[in-house]
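K.L.:
Contents of protein-v5.txt (compact mmCIF, C-alpha atoms and all ligand atoms) are below:
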```
# COMPACT_ATOMS: atom_id res chain seq x y z
CA MET A 1 131.00 136.15 156.76
CA ASP A 2 132.35 132.87 155.42
CA GLU A 3 132.91 129.79 157.56
CA LYS A 4 136.53 130.79 158.31
CA THR A 5 135.82 134.33 159.45
CA ILE A 6 136.81 134.97 163.06
CA LEU A 7 134.56 137.32 165.03
CA VAL A 8 136.13 139.23 167.91
CA ASP A 9 133.88 140.62 170.62
CA LEU A 10 136.10 143.46 171.82
CA GLN A 11 133.82 144.07 174.78
CA ARG A 12 134.88 140.70 176.20
CA CYS A 13 138.63 140.88 175.49
CA ILE A 14 140.75 141.43 178.62
CA GLY A 15 144.14 141.42 176.92
CA CYS A 16 145.34 138.19 178.53
CA TRP A 17 147.29 136.96 175.45
CA THR A 18 146.03 133.38 175.95
CA CYS A 19 144.96 133.26 172.28
CA SER A 20 148.42 134.24 171.13
CA LEU A 21 150.21 131.78 173.40
CA ALA A 22 147.83 128.95 172.52
CA CYS A 23 148.68 129.53 168.86
CA LYS A 24 152.41 129.51 169.63
CA VAL A 25 152.25 126.28 171.61
CA GLY A 26 149.75 124.57 169.31
CA ASN A 27 151.70 125.39 166.19
CA ASN A 28 155.09 124.89 167.84
CA LEU A 29 156.31 128.35 166.87
CA PRO A 30 159.78 129.56 167.86
CA ASP A 31 160.03 132.07 170.71
CA GLU A 32 160.35 135.11 168.48
CA GLU A 33 157.46 134.25 166.17
CA PHE A 34 153.80 135.18 166.67
CA PHE A 35 150.89 134.62 164.29
CA LEU A 36 148.67 136.66 166.59
CA THR A 37 149.50 139.52 168.94
CA VAL A 38 147.33 141.60 171.27
CA ARG A 39 147.45 145.37 171.14
CA THR A 40 146.82 147.55 174.15
CA LEU A 41 144.62 150.48 173.25
CA GLY A 42 145.92 152.80 175.93
CA SER A 43 148.44 155.60 176.01
CA GLY A 44 150.64 153.99 173.36
CA GLU A 45 153.55 153.86 175.83
CA GLY A 46 153.47 150.16 176.65
CA ILE A 47 151.16 147.23 177.20
CA ASP A 48 150.32 148.23 180.79
CA ARG A 49 149.86 151.98 180.25
CA PRO A 50 146.28 153.27 180.27
CA ALA A 51 145.15 156.31 178.35
CA GLY A 52 143.70 159.38 180.01
CA THR A 53 144.46 161.23 183.24
CA TRP A 54 143.72 159.95 186.73
CA PRO A 55 140.96 159.25 187.69
CA ASP A 56 139.62 159.10 184.12
CA LEU A 57 141.79 156.23 182.89
CA HIS A 58 140.84 153.72 180.24
CA MET A 59 142.46 150.78 178.49
CA SER A 60 141.20 148.13 176.10
CA TRP A 61 142.72 145.46 173.89
CA GLN A 62 142.60 144.20 170.34
CA PRO A 63 143.95 140.85 169.14
CA VAL A 64 145.52 141.21 165.70
CA TRP A 65 146.24 138.34 163.32
CA THR A 66 149.26 138.45 161.04
CA THR A 67 149.22 137.18 157.48
CA LYS A 68 151.15 134.13 158.70
CA CYS A 69 148.01 132.83 160.39
CA VAL A 70 146.77 129.79 158.50
CA LYS A 71 143.40 129.76 160.28
CA CYS A 72 144.32 126.33 161.68
CA ALA A 73 143.25 124.67 158.42
CA GLY A 74 144.11 121.19 159.67
CA ARG A 75 142.03 121.59 162.81
CA LEU A 76 139.07 123.09 160.96
CA ALA A 77 139.12 120.17 158.51
CA LYS A 78 138.74 117.83 161.51
CA GLY A 79 135.87 119.87 162.93
CA GLU A 80 138.05 121.37 165.66
CA LEU A 81 138.31 125.03 166.59
CA PRO A 82 141.53 127.00 165.99
CA TYR A 83 143.79 127.02 169.03
CA CYS A 84 143.24 130.75 169.56
CA VAL A 85 139.44 130.56 169.39
CA GLN A 86 139.23 127.49 171.61
CA SER A 87 141.53 128.90 174.28
CA CYS A 88 140.05 132.34 174.90
CA PRO A 89 138.88 132.23 178.53
CA CYS A 90 136.46 135.10 177.95
CA LYS A 91 134.70 133.64 174.91
CA ALA A 92 135.65 136.75 172.96
CA LEU A 93 136.43 134.74 169.81
CA SER A 94 134.17 132.69 167.55
CA ILE A 95 134.31 131.21 164.07
CA GLY A 96 131.94 129.63 161.56
CA ASP A 97 128.27 129.18 162.42
CA ALA A 98 128.92 130.32 165.98
CA ALA A 99 130.42 133.56 164.67
CA ALA A 100 127.47 134.20 162.37
CA ALA A 101 125.00 133.66 165.21
CA LYS A 102 127.08 135.79 167.57
CA LYS A 103 127.20 138.61 165.03
CA GLU A 104 123.42 138.68 164.81
CA GLU A 105 123.15 138.70 168.59
CA LEU A 106 125.64 141.55 168.93
CA ARG A 107 123.97 143.54 166.15
CA ASP A 108 120.70 143.31 168.05
CA ARG A 109 122.54 144.59 171.12
CA GLY A 110 123.78 147.67 169.29
CA PHE A 111 127.34 146.65 168.43
CA ARG A 112 129.05 147.96 165.30
CA PHE A 113 131.44 145.92 163.16
CA PHE A 114 134.70 146.75 161.43
CA GLN A 115 137.76 145.12 159.88
CA MET A 116 141.39 146.15 159.92
CA PRO A 117 142.25 148.63 157.16
CA PRO A 118 144.29 147.28 154.22
CA TRP A 119 147.38 149.33 155.13
CA GLU A 120 147.78 147.34 158.36
CA SER A 121 148.51 144.25 156.20
CA THR A 122 146.90 141.89 158.69
CA ARG A 123 145.17 138.57 158.09
CA ASP A 124 141.89 138.95 156.22
CA GLY A 125 138.74 137.24 157.44
CA VAL A 126 138.66 138.84 160.90
CA VAL A 127 135.68 140.97 161.97
CA TYR A 128 135.68 143.06 165.16
CA ALA A 129 132.57 143.92 167.12
CA GLU A 130 132.52 146.90 169.48
CA LYS A 131 129.81 148.62 171.43
CA LYS A 132 128.73 151.86 169.76
S1 LIG B 1 143.76 130.53 163.65
FE1 LIG B 1 145.35 129.04 164.23
S2 LIG B 1 147.18 129.76 163.15
FE2 LIG B 1 145.76 131.49 163.17
S3 LIG B 1 146.28 132.65 165.02
FE3 LIG B 1 144.63 131.21 165.58
S4 LIG B 1 145.72 129.44 166.40
FE4 LIG B 1 147.21 130.64 165.22
S1 LIG B 2 140.87 137.45 172.66
FE1 LIG B 2 140.54 136.22 174.51
S2 LIG B 2 142.46 135.09 174.83
FE2 LIG B 2 142.90 136.77 173.38
S3 LIG B 2 143.64 138.46 174.67
FE3 LIG B 2 141.41 138.74 174.41
S4 LIG B 2 140.49 137.73 176.20
FE4 LIG B 2 142.61 136.97 176.05
```
Now, as a test, write the supplied structure out as structure tokens.

P.N.:
Amino acid sequence: MDEKTILVDLQRCIGCWTCSLACKVGNNLPDEEFFLTVRTLGSGEGIDRPAGTWPDLHMSWQPVWTTKCVKCAGRLAKGELPYCVQSCPCKALSIGDAAAAKKEELRDRGFRFFQMPPWESTRDGVVYAEKK
């Protein structure tokens, strides 16, 4: 992982969209533009629809960075965290040395790591951690 790789601890993500909105506000994006969105991994029928059949329902979330994300280059140059990383209330996101240390910790706890496949055309330099 290089110093600009973002590590996402999917176990901690609650799908609140704070990261996405922090990016919008911080970068002054227009209403219709998002550099980062959050997918619901549920039934596929909407952001509030769980998968499964009652009572065995389940739902999880995955923040996804578009290629428009500039990794907050200006903030990183000043030693500041990207808006998305800084704003996550669940500490699901990390970058730089913190991400490297977190990855080691999660590996020791049995997490596996993956990246988005190339055909998704998402921002590179994002690593996801999920419990095996
Ligand atoms: S790194 Fe910066 S530009 Fe990229 S999604 Fe996060 S806040 Fe937005
Ligand atoms: S990564 Fe953090 S801020 Fe973004 S949706 Fe997940 S919990 Fe919320």

K.L.:
Please produce, as a Markdown table, a per-residue contact table for chain A versus ligand LIG 2 (chain B) (criterion: any atom at most 7 Å away, all atoms listed in the file considered), showing the nearest atom pair and its distance in Å to one decimal, sorted by chain then residue number.

P.N.:
```
| residue | atom | partner | partner_atom | distance |
| --- | --- | --- | --- | --- |
| A:Val8 | CA | B:LIG2 | S1 | 6.9 |
| A:Arg12 | CA | B:LIG2 | S4 | 6.3 |
| A:Cys13 | CA | B:LIG2 | FE3 | 3.7 |
| A:Ile14 | CA | B:LIG2 | S4 | 4.4 |
| A:Gly15 | CA | B:LIG2 | S3 | 3.8 |
| A:Cys16 | CA | B:LIG2 | FE4 | 3.9 |
| A:Trp17 | CA | B:LIG2 | S3 | 4.0 |
| A:Thr18 | CA | B:LIG2 | S2 | 4.1 |
| A:Cys19 | CA | B:LIG2 | S2 | 4.0 |
| A:Ser20 | CA | B:LIG2 | FE2 | 6.5 |
| A:Val38 | CA | B:LIG2 | S3 | 5.9 |
| A:Trp61 | CA | B:LIG2 | FE3 | 6.9 |
| A:Gln62 | CA | B:LIG2 | FE3 | 6.9 |
| A:Pro63 | CA | B:LIG2 | S1 | 5.8 |
| A:Cys84 | CA | B:LIG2 | S2 | 6.9 |
| A:Ser87 | CA | B:LIG2 | S2 | 6.3 |
| A:Cys88 | CA | B:LIG2 | S2 | 3.7 |
| A:Pro89 | CA | B:LIG2 | S2 | 5.9 |
| A:Cys90 | CA | B:LIG2 | S4 | 5.1 |
| A:Lys91 | CA | B:LIG2 | FE1 | 6.4 |
| A:Ala92 | CA | B:LIG2 | FE1 | 5.2 |
| A:Leu93 | CA | B:LIG2 | S1 | 5.9 |
```

K.L.:
For ligand LIG 1 (chain B), which of A:Thr40, A:Ser60, A:Phe111, A:Arg123 is the closest residue, counting all atoms listed in the file?

P.N.:
A:Arg123

K.L.:
For ligand LIG 1 (chain B), collect every residue having any atom at a distance of at most 8 Å from a ligand atom (counting all atoms listed in the file); output as a PDB file with C-alpha atoms, keeping the file's coordinate frame.

P.N.:
```pdb
ATOM      1  CA  CYS A  19     144.960 133.260 172.280  1.00  0.00           C
ATOM      2  CA  SER A  20     148.420 134.240 171.130  1.00  0.00           C
ATOM      3  CA  ALA A  22     147.830 128.950 172.520  1.00  0.00           C
ATOM      4  CA  CYS A  23     148.680 129.530 168.860  1.00  0.00           C
ATOM      5  CA  LYS A  24     152.410 129.510 169.630  1.00  0.00           C
ATOM      6  CA  GLY A  26     149.750 124.570 169.310  1.00  0.00           C
ATOM      7  CA  ASN A  27     151.700 125.390 166.190  1.00  0.00           C
ATOM      8  CA  PHE A  35     150.890 134.620 164.290  1.00  0.00           C
ATOM      9  CA  LEU A  36     148.670 136.660 166.590  1.00  0.00           C
ATOM     10  CA  TRP A  65     146.240 138.340 163.320  1.00  0.00           C
ATOM     11  CA  THR A  66     149.260 138.450 161.040  1.00  0.00           C
ATOM     12  CA  LYS A  68     151.150 134.130 158.700  1.00  0.00           C
ATOM     13  CA  CYS A  69     148.010 132.830 160.390  1.00  0.00           C
ATOM     14  CA  VAL A  70     146.770 129.790 158.500  1.00  0.00           C
ATOM     15  CA  LYS A  71     143.400 129.760 160.280  1.00  0.00           C
ATOM     16  CA  CYS A  72     144.320 126.330 161.680  1.00  0.00           C
ATOM     17  CA  ALA A  73     143.250 124.670 158.420  1.00  0.00           C
ATOM     18  CA  PRO A  82     141.530 127.000 165.990  1.00  0.00           C
ATOM     19  CA  TYR A  83     143.790 127.020 169.030  1.00  0.00           C
ATOM     20  CA  CYS A  84     143.240 130.750 169.560  1.00  0.00           C
ATOM     21  CA  VAL A  85     139.440 130.560 169.390  1.00  0.00           C
TER      22      VAL A  85
END
```

K.L.:
Rounded to one decimal, what separation in Å do you get between atom CA of Gly110 of chain A and atom CA of Leu7 of chain A?

P.N.:
15.5 Å

K.L.:
Would you list the contacts of segment 124-132 of chain A as a list in words, taking every protein, DNA or RNA residue within 6 Å and counting only C-alpha atoms, but skipping same-chain residues closer than 5 positions in sequence?

P.N.:
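Everything that qualifies: Thr5, Ile6, Leu7, Val8, Asp9, Leu10, Phe111, Arg112, Phe113, Phe114 and Gln115 of chain A.
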
K.L.:
Of the residues A:Met1, A:Leu21, A:Leu41, A:Ala51, which is the one nearest to Asp97 of chain A, using only C-alpha atoms?

P.N.:
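Answer, going by the shortest atom-to-atom distance: A:Met1.
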
K.L.:
My list of candidates is A:Val25, A:Val64, A:Ala77, A:Gly52. Which is closest to Arg39 of chain A when distances are computed with all atoms listed in the file?

P.N.:
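Using all atoms listed in the file, Arg39 of chain A sits closest to A:Val64.
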
K.L.:
I'd like the interatomic distance between atom CA of Gln86 of chain A and atom CA of Glu104 of chain A, to a tenth of an Å.

P.N.:
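Separating atom CA of Gln86 of chain A from atom CA of Glu104 of chain A is a distance of 20.5 Å.
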
K.L.:
A:Lys4, A:Leu29, A:Phe34, A:Pro50: which is nearest Thr67 of chain A, counting all atoms listed in the file?

P.N.:
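Result for the nearest residue to Thr67 of chain A: A:Phe34.
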
K.L.:
Extending 4 Å beyond the listed atoms of segment 95-109 of chain A on each side, what axis-aligned box results? I want centre and edge lengths in Å to one decimal, as JSON.

P.N.:
```
{"center_x": 127.5, "center_y": 136.9, "center_z": 166.3, "size_x": 21.6, "size_y": 23.4, "size_z": 17.6}
```

K.L.:
Record the distance separating atom CA of Thr122 of chain A and atom CA of Glu33 of chain A, expressed in Å with one decimal.

P.N.:
15.0 Å

K.L.:
How would segment 7-46 of chain A of the given structure read as a file with N, CA and C atoms, as a compact mmCIF listing (two decimals), in the first residue's frame?

P.N.:
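Printed below is selection_25.txt as written:
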```txt
# COMPACT_ATOMS: atom_id res chain seq x y z
N LEU A 7 -7.80 2.54 3.14
CA LEU A 7 -8.23 1.23 3.62
C LEU A 7 -9.63 1.38 4.20
N VAL A 8 -10.52 0.50 3.78
CA VAL A 8 -11.92 0.53 4.24
C VAL A 8 -12.18 -0.71 5.08
N ASP A 9 -12.51 -0.52 6.33
CA ASP A 9 -12.88 -1.63 7.20
C ASP A 9 -14.40 -1.82 7.06
N LEU A 10 -14.79 -2.75 6.20
CA LEU A 10 -16.22 -2.92 5.90
C LEU A 10 -17.01 -3.36 7.13
N GLN A 11 -16.34 -3.97 8.07
CA GLN A 11 -17.02 -4.41 9.30
C GLN A 11 -17.54 -3.21 10.09
N ARG A 12 -16.90 -2.06 9.92
CA ARG A 12 -17.28 -0.87 10.69
C ARG A 12 -18.24 0.05 9.94
N CYS A 13 -18.40 -0.14 8.63
CA CYS A 13 -19.22 0.78 7.85
C CYS A 13 -20.70 0.54 8.11
N ILE A 14 -21.43 1.64 8.44
CA ILE A 14 -22.86 1.54 8.72
C ILE A 14 -23.70 2.22 7.64
N GLY A 15 -23.07 2.57 6.53
CA GLY A 15 -23.83 3.12 5.41
C GLY A 15 -24.44 4.48 5.67
N CYS A 16 -23.76 5.32 6.45
CA CYS A 16 -24.36 6.61 6.83
C CYS A 16 -24.17 7.70 5.78
N TRP A 17 -23.29 7.51 4.82
CA TRP A 17 -23.02 8.46 3.74
C TRP A 17 -22.30 9.73 4.21
N THR A 18 -21.85 9.78 5.46
CA THR A 18 -21.13 10.97 5.92
C THR A 18 -19.88 11.23 5.08
N CYS A 19 -19.17 10.17 4.71
CA CYS A 19 -17.96 10.33 3.89
C CYS A 19 -18.29 11.02 2.58
N SER A 20 -19.35 10.57 1.95
CA SER A 20 -19.74 11.13 0.65
C SER A 20 -20.14 12.60 0.77
N LEU A 21 -20.92 12.90 1.80
CA LEU A 21 -21.39 14.28 1.97
C LEU A 21 -20.26 15.20 2.40
N ALA A 22 -19.33 14.68 3.20
CA ALA A 22 -18.17 15.50 3.60
C ALA A 22 -17.36 15.87 2.37
N CYS A 23 -17.20 14.92 1.45
CA CYS A 23 -16.49 15.20 0.20
C CYS A 23 -17.23 16.25 -0.61
N LYS A 24 -18.54 16.13 -0.71
CA LYS A 24 -19.32 17.10 -1.47
C LYS A 24 -19.17 18.50 -0.91
N VAL A 25 -19.32 18.62 0.40
CA VAL A 25 -19.25 19.94 1.03
C VAL A 25 -17.82 20.48 0.97
N GLY A 26 -16.85 19.60 1.31
CA GLY A 26 -15.46 20.06 1.35
C GLY A 26 -14.95 20.51 0.00
N ASN A 27 -15.38 19.80 -1.04
CA ASN A 27 -14.92 20.12 -2.38
C ASN A 27 -15.90 20.99 -3.16
N ASN A 28 -16.97 21.42 -2.46
CA ASN A 28 -17.94 22.33 -3.07
C ASN A 28 -18.51 21.77 -4.37
N LEU A 29 -18.92 20.52 -4.34
CA LEU A 29 -19.44 19.88 -5.54
C LEU A 29 -20.90 20.26 -5.75
N PRO A 30 -21.33 20.34 -7.01
CA PRO A 30 -22.75 20.60 -7.27
C PRO A 30 -23.61 19.43 -6.79
N ASP A 31 -24.92 19.71 -6.63
CA ASP A 31 -25.83 18.72 -6.04
C ASP A 31 -25.76 17.37 -6.73
N GLU A 32 -25.65 17.37 -8.04
CA GLU A 32 -25.75 16.10 -8.78
C GLU A 32 -24.43 15.35 -8.87
N GLU A 33 -23.37 15.92 -8.31
CA GLU A 33 -22.06 15.29 -8.48
C GLU A 33 -21.56 14.65 -7.19
N PHE A 34 -21.05 13.43 -7.31
CA PHE A 34 -20.48 12.70 -6.18
C PHE A 34 -19.14 12.11 -6.59
N PHE A 35 -18.12 12.29 -5.77
CA PHE A 35 -16.85 11.61 -6.01
C PHE A 35 -16.83 10.25 -5.30
N LEU A 36 -17.78 10.07 -4.41
CA LEU A 36 -17.82 8.88 -3.56
C LEU A 36 -19.28 8.58 -3.26
N THR A 37 -19.71 7.35 -3.51
CA THR A 37 -21.06 6.95 -3.17
C THR A 37 -20.98 5.70 -2.27
N VAL A 38 -22.10 5.35 -1.67
CA VAL A 38 -22.11 4.20 -0.75
C VAL A 38 -23.15 3.20 -1.23
N ARG A 39 -22.70 2.02 -1.56
CA ARG A 39 -23.61 0.99 -2.03
C ARG A 39 -24.21 0.21 -0.86
N THR A 40 -25.48 -0.10 -1.00
CA THR A 40 -26.11 -1.03 -0.06
C THR A 40 -25.98 -2.43 -0.62
N LEU A 41 -25.42 -3.32 0.17
CA LEU A 41 -25.32 -4.71 -0.26
C LEU A 41 -26.48 -5.46 0.38
N GLY A 42 -27.62 -5.31 -0.26
CA GLY A 42 -28.84 -5.92 0.26
C GLY A 42 -29.55 -6.67 -0.84
N SER A 43 -30.83 -6.36 -1.03
CA SER A 43 -31.60 -7.10 -2.03
C SER A 43 -31.36 -6.57 -3.44
N GLY A 44 -30.73 -5.40 -3.54
CA GLY A 44 -30.55 -4.78 -4.85
C GLY A 44 -31.75 -3.95 -5.28
N GLU A 45 -32.75 -3.80 -4.38
CA GLU A 45 -33.98 -3.08 -4.74
C GLU A 45 -34.06 -1.71 -4.10
N GLY A 46 -32.95 -1.19 -3.61
CA GLY A 46 -32.98 0.14 -3.00
C GLY A 46 -32.06 0.20 -1.80
```
